[in-house]
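**Q** Okay, handing you the structure first.
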Amino acid sequence: RAVRERFDNEPEVASRLEHTLAETYLWLGMNDVAADHARRAAAIRIRALGKDSREALQSTALVGLLAYHQGRLDDAERTLRETSRRQEKLFGGDHQDTTWTRVRLSWVEIEKGRLDTAEEILHDALERQRRTLGDEHRDTATTMNSLAVVYADQKRCAEAEALHSKVLEIRSRTLGPTDPDTLKSMTNLAVVSFYQGRLVVAAELFQDVVDLQIESLGPDHPVTLAPMNTLAIILERQGRLEEAEAMHRRVLESKRQVLGDEHPETVSSRYNLAIVLTSQGLLDAAEEMHREIFETRLQELGEQHPKTLDSLCALAGIAALRGDRDTALGRLSRAVDLGYSAGDSLAADSDFESIRNDPAFEAIVERSRGNAQNSEL
């Protein structure tokens, strides 16, 4: 309120304060409030300095980043792509602002499942940042971390682990052990251990991260909720279903309060809770939840997005557990027709025990593996 009342006639001061408030609320995980300040900063700067001023473009890029954090991926992509295009035209591809915006654009690409595009953006940004800023600059470390996330999502675990370890060493030394970025690196290393099937190690790492993040950021901060969510998944994999359910419900409630019901992170937590309910044999509750999630993902992400296909396969698993062979096979076949490629995971999924030796199921698994091979070509 003081900014608007005291600096109404000093737009450069007002916009600088609004921009700083937006960044501060972003660090606190209060994304909706941050977005309001970012939009005000951008509007003031566009009006006072012009839409192509460096300051206006910085605030506009921040608006795009906050749209990403709010789960408004189409808005985020549109804003970040246009802003980076204008920054590159005005300041060049090596400019720090240009690479900052491009890296945030890659986060949208990751969330939309376009990992190859994200990797291409990040390799280009990293090459430029290493040349102009050096390996230990905070922006460079952020790009390296994002690239390692892509490697992990592509199941290139050795590359992901090596790069995450390097980023963690840099951040621990330059930012300190409790900086949110350092804690993110610890989380990401734990994720790689989880992907490699080292559940005991991963659980210990995640518990350490959660304890540190609760102490430094609080239990409801979005950065804290991410490792809590994965720790709950690990508990489920270890057969500790009651503990997993309790933690998933705790994370889900916090995400609903902090991010809202429709945010992709909230939807992911609902999906993970539905998986635990399935493991507990609570098929009616699990199926209802999975149906809602599938419809949300279908509408928000499209029918070929990997997360949409995961939801369709989860519904197929429930049908198989009920003994409904035809429905299970029909849903799986549809998922594979749309590009589902995790054939090995499908073959090992205990939900499909009743049809594992069915020739139709075996054929679907092989088609899924074929999708994976075709995507590598």
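Chain labels A, B, ... are given in the sequence in which chains occur in the structure tokens; within each chain residues are numbered consecutively from 1, and ligands are likewise numbered from 1 in the order shown.
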Please provide as a list in words all residues within 8 Å of segment 278-287 of chain A, with the sequence filter that same-chain residues fewer than 2 positions apart are discarded (counting only C-alpha atoms).

**A**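 What passes the distance filter is Leu241, Ala274, Ile275, Val276, Met289, His290, Arg291, Leu315 and Ile318 of chain A.
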
**Q** Can you tell me which residues surround Arg72 of chain A at a distance of at most 10 Å, considering only C-alpha atoms, apart from same-chain residues fewer than 3 positions away, and format the answer as a list of chain:residue names?

**A** A:Gly64, A:Leu65, A:Leu66, A:Ala67, A:Tyr68, A:His69, A:Asp75, A:Ala76, A:Glu77, A:Val108, A:Glu262, A:His263, A:Pro264, A:Glu300

**Q** What would the file look like if the residues just selected were written as a PDB file, in the first residue's frame with N, CA, C and O atoms?

**A**
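again_12.pdb, written as the output of this step:
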ATOM      1  N   GLY A  64       5.736 -14.217 -16.366  1.00  0.00           N
ATOM      2  CA  GLY A  64       5.695 -15.536 -16.994  1.00  0.00           C
ATOM      3  C   GLY A  64       6.140 -16.639 -16.058  1.00  0.00           C
ATOM      4  O   GLY A  64       5.525 -17.719 -16.006  1.00  0.00           O
ATOM      5  N   LEU A  65       7.198 -16.385 -15.287  1.00  0.00           N
ATOM      6  CA  LEU A  65       7.670 -17.383 -14.332  1.00  0.00           C
ATOM      7  C   LEU A  65       6.600 -17.677 -13.281  1.00  0.00           C
ATOM      8  O   LEU A  65       6.373 -18.838 -12.920  1.00  0.00           O
ATOM      9  N   LEU A  66       5.926 -16.647 -12.818  1.00  0.00           N
ATOM     10  CA  LEU A  66       4.900 -16.856 -11.800  1.00  0.00           C
ATOM     11  C   LEU A  66       3.678 -17.573 -12.369  1.00  0.00           C
ATOM     12  O   LEU A  66       3.034 -18.360 -11.670  1.00  0.00           O
ATOM     13  N   ALA A  67       3.371 -17.346 -13.641  1.00  0.00           N
ATOM     14  CA  ALA A  67       2.303 -18.124 -14.279  1.00  0.00           C
ATOM     15  C   ALA A  67       2.671 -19.612 -14.272  1.00  0.00           C
ATOM     16  O   ALA A  67       1.821 -20.482 -14.034  1.00  0.00           O
ATOM     17  N   TYR A  68       3.952 -19.919 -14.508  1.00  0.00           N
ATOM     18  CA  TYR A  68       4.433 -21.302 -14.427  1.00  0.00           C
ATOM     19  C   TYR A  68       4.220 -21.864 -13.023  1.00  0.00           C
ATOM     20  O   TYR A  68       3.704 -22.978 -12.849  1.00  0.00           O
ATOM     21  N   HIS A  69       4.623 -21.096 -12.004  1.00  0.00           N
ATOM     22  CA  HIS A  69       4.480 -21.577 -10.626  1.00  0.00           C
ATOM     23  C   HIS A  69       3.020 -21.714 -10.217  1.00  0.00           C
ATOM     24  O   HIS A  69       2.694 -22.504  -9.324  1.00  0.00           O
ATOM     25  N   ASP A  75      -0.209 -19.845 -20.466  1.00  0.00           N
ATOM     26  CA  ASP A  75       0.105 -18.433 -20.266  1.00  0.00           C
ATOM     27  C   ASP A  75       1.601 -18.239 -20.048  1.00  0.00           C
ATOM     28  O   ASP A  75       2.207 -17.299 -20.577  1.00  0.00           O
ATOM     29  N   ALA A  76       2.186 -19.113 -19.252  1.00  0.00           N
ATOM     30  CA  ALA A  76       3.622 -19.013 -18.981  1.00  0.00           C
ATOM     31  C   ALA A  76       4.433 -19.179 -20.261  1.00  0.00           C
ATOM     32  O   ALA A  76       5.356 -18.396 -20.526  1.00  0.00           O
ATOM     33  N   GLU A  77       4.085 -20.184 -21.056  1.00  0.00           N
ATOM     34  CA  GLU A  77       4.832 -20.421 -22.294  1.00  0.00           C
ATOM     35  C   GLU A  77       4.728 -19.229 -23.237  1.00  0.00           C
ATOM     36  O   GLU A  77       5.732 -18.774 -23.809  1.00  0.00           O
ATOM     37  N   VAL A 108       8.784 -24.875 -18.441  1.00  0.00           N
ATOM     38  CA  VAL A 108       7.450 -25.113 -18.987  1.00  0.00           C
ATOM     39  C   VAL A 108       7.481 -26.309 -19.936  1.00  0.00           C
ATOM     40  O   VAL A 108       6.590 -27.166 -19.919  1.00  0.00           O
ATOM     41  N   GLU A 262      -6.468 -27.004  -8.775  1.00  0.00           N
ATOM     42  CA  GLU A 262      -6.202 -27.345 -10.178  1.00  0.00           C
ATOM     43  C   GLU A 262      -4.736 -27.257 -10.553  1.00  0.00           C
ATOM     44  O   GLU A 262      -4.364 -27.550 -11.692  1.00  0.00           O
ATOM     45  N   HIS A 263      -3.868 -26.840  -9.632  1.00  0.00           N
ATOM     46  CA  HIS A 263      -2.444 -26.739  -9.948  1.00  0.00           C
ATOM     47  C   HIS A 263      -1.888 -28.124 -10.265  1.00  0.00           C
ATOM     48  O   HIS A 263      -2.268 -29.116  -9.631  1.00  0.00           O
ATOM     49  N   PRO A 264      -0.996 -28.239 -11.269  1.00  0.00           N
ATOM     50  CA  PRO A 264      -0.453 -29.561 -11.631  1.00  0.00           C
ATOM     51  C   PRO A 264       0.176 -30.302 -10.458  1.00  0.00           C
ATOM     52  O   PRO A 264       0.077 -31.532 -10.376  1.00  0.00           O
ATOM     53  N   GLU A 300      -6.281 -30.303 -19.509  1.00  0.00           N
ATOM     54  CA  GLU A 300      -5.193 -29.345 -19.333  1.00  0.00           C
ATOM     55  C   GLU A 300      -3.951 -29.686 -20.150  1.00  0.00           C
ATOM     56  O   GLU A 300      -3.250 -28.785 -20.639  1.00  0.00           O
TER      57      GLU A 300
END

**Q** Going by DSSP on the backbone, which residues of segment 89-289 of chain A come out as alpha helix (DSSP H)? List them as a ChimeraX atom specification.

**A** /A:89-91,96-111,115-132,138-153,157-174,180-195,199-217,222-237,241-258,264-279,283-289

**Q** Go through A:Ser172, A:Thr20, A:Gln207, A:Ser268 one by one, measure the shortest atom-to-atom distance of each to Arg297 of chain A using only C-alpha atoms, and give the residue with the smallest value.

**A**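 Nearest candidate to Arg297 of chain A out of A:Ser172, A:Thr20, A:Gln207, A:Ser268: A:Ser268.
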
**Q** Hey, which of A:Leu183, A:Thr83, A:Val63, A:Leu277 ends up closest to Glu242 of chain A? Count only C-alpha atoms.

**A**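 Once distances to Glu242 of chain A are computed over only C-alpha atoms, the minimum belongs to A:Leu277.
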
**Q** Pick the closest to Gln70 of chain A from A:Leu168, A:Leu105, A:Ala22, A:Val258: which is it, counting only C-alpha atoms?

**A**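 Ranked by minimum distance to Gln70 of chain A, first place goes to A:Val258.
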
**Q** Would you please work out which residue, of A:His305, A:Arg240, A:Arg54, A:His19, is nearest to Leu90 of chain A when using only C-alpha atoms?

**A**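 For Leu90 of chain A, the nearest of the given residues is A:Arg54.
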
**Q** Take atom CA of Leu115 of chain A and atom CA of Tyr151 of chain A and report the distance between them in Å, one decimal.

**A**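 Here the two named atoms are 8.8 Å from each other.
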
**Q** May I ask which of the residues A:Glu119, A:Glu265, A:Asp351, A:Asp135 is the closest one to Ser106 of chain A, counting only C-alpha atoms?

**A**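 Answer, going by the shortest atom-to-atom distance: A:Glu119.
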
**Q** Could you jot down the atom CA of Val167 of chain A to atom CA of Met30 of chain A separation for me, Å, one decimal place?

**A** 25.9 Å

**Q** Counting only C-alpha atoms, figure out which residue out of A:Gly92, A:Pro227, A:Gly134, A:Pro359 gets nearest to Leu212 of chain A.

**A**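 Looking at the shortest contact to Leu212 of chain A, the residue is A:Pro227.
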
**Q** Can you pull out every residue within 12 Å of Leu298 of chain A, counting only C-alpha atoms, but drop anything in the same chain fewer than 3 positions away, and send it as a compact mmCIF listing (two decimals) with N, CA, C and O atoms, in the first residue's frame?

**A**
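The resulting file, around.txt, is shown below:
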# COMPACT_ATOMS: atom_id res chain seq x y z
N HIS A 290 -8.90 -41.35 -9.64
CA HIS A 290 -8.18 -41.48 -10.92
C HIS A 290 -9.01 -40.95 -12.09
O HIS A 290 -8.47 -40.36 -13.03
N ARG A 291 -10.32 -41.18 -12.06
CA ARG A 291 -11.18 -40.67 -13.13
C ARG A 291 -11.15 -39.14 -13.16
O ARG A 291 -11.04 -38.52 -14.23
N GLU A 292 -11.24 -38.52 -12.00
CA GLU A 292 -11.20 -37.06 -11.92
C GLU A 292 -9.86 -36.53 -12.41
O GLU A 292 -9.80 -35.53 -13.16
N ILE A 293 -8.78 -37.18 -12.02
CA ILE A 293 -7.45 -36.76 -12.43
C ILE A 293 -7.28 -36.91 -13.94
O ILE A 293 -6.73 -36.04 -14.62
N PHE A 294 -7.74 -38.04 -14.47
CA PHE A 294 -7.64 -38.27 -15.92
C PHE A 294 -8.37 -37.18 -16.69
O PHE A 294 -7.83 -36.64 -17.68
N GLU A 295 -9.56 -36.83 -16.28
CA GLU A 295 -10.32 -35.78 -16.98
C GLU A 295 -9.61 -34.43 -16.89
O GLU A 295 -9.57 -33.67 -17.86
N LEU A 301 -3.65 -30.98 -20.31
CA LEU A 301 -2.39 -31.39 -20.93
C LEU A 301 -2.56 -32.05 -22.29
O LEU A 301 -1.60 -32.11 -23.06
N GLY A 302 -3.76 -32.55 -22.59
CA GLY A 302 -3.98 -33.24 -23.85
C GLY A 302 -3.86 -34.74 -23.69
O GLY A 302 -3.26 -35.24 -22.73
N GLU A 303 -4.42 -35.48 -24.64
CA GLU A 303 -4.53 -36.93 -24.48
C GLU A 303 -3.21 -37.67 -24.65
O GLU A 303 -3.08 -38.80 -24.21
N GLN A 304 -2.19 -37.03 -25.28
CA GLN A 304 -0.92 -37.73 -25.51
C GLN A 304 0.16 -37.39 -24.49
O GLN A 304 1.27 -37.92 -24.58
N HIS A 305 -0.15 -36.52 -23.54
CA HIS A 305 0.85 -36.17 -22.53
C HIS A 305 1.14 -37.40 -21.67
O HIS A 305 0.24 -38.16 -21.32
N PRO A 306 2.42 -37.63 -21.31
CA PRO A 306 2.76 -38.80 -20.50
C PRO A 306 1.95 -38.92 -19.21
O PRO A 306 1.59 -40.03 -18.80
N LYS A 307 1.63 -37.80 -18.55
CA LYS A 307 0.88 -37.87 -17.30
C LYS A 307 -0.57 -38.29 -17.56
O LYS A 307 -1.16 -39.01 -16.75
N THR A 308 -1.14 -37.85 -18.68
CA THR A 308 -2.49 -38.28 -19.04
C THR A 308 -2.50 -39.79 -19.29
O THR A 308 -3.42 -40.50 -18.86
N LEU A 309 -1.48 -40.27 -19.99
CA LEU A 309 -1.39 -41.70 -20.28
C LEU A 309 -1.16 -42.50 -19.00
O LEU A 309 -1.67 -43.62 -18.87
N ASP A 310 -0.39 -41.96 -18.06
CA ASP A 310 -0.22 -42.64 -16.77
C ASP A 310 -1.58 -42.81 -16.08
O ASP A 310 -1.86 -43.87 -15.49
N SER A 311 -2.41 -41.77 -16.14
CA SER A 311 -3.72 -41.85 -15.51
C SER A 311 -4.60 -42.90 -16.18
O SER A 311 -5.34 -43.64 -15.52
N LEU A 312 -4.52 -42.97 -17.50
CA LEU A 312 -5.30 -43.97 -18.23
C LEU A 312 -4.85 -45.38 -17.86
O LEU A 312 -5.69 -46.28 -17.66
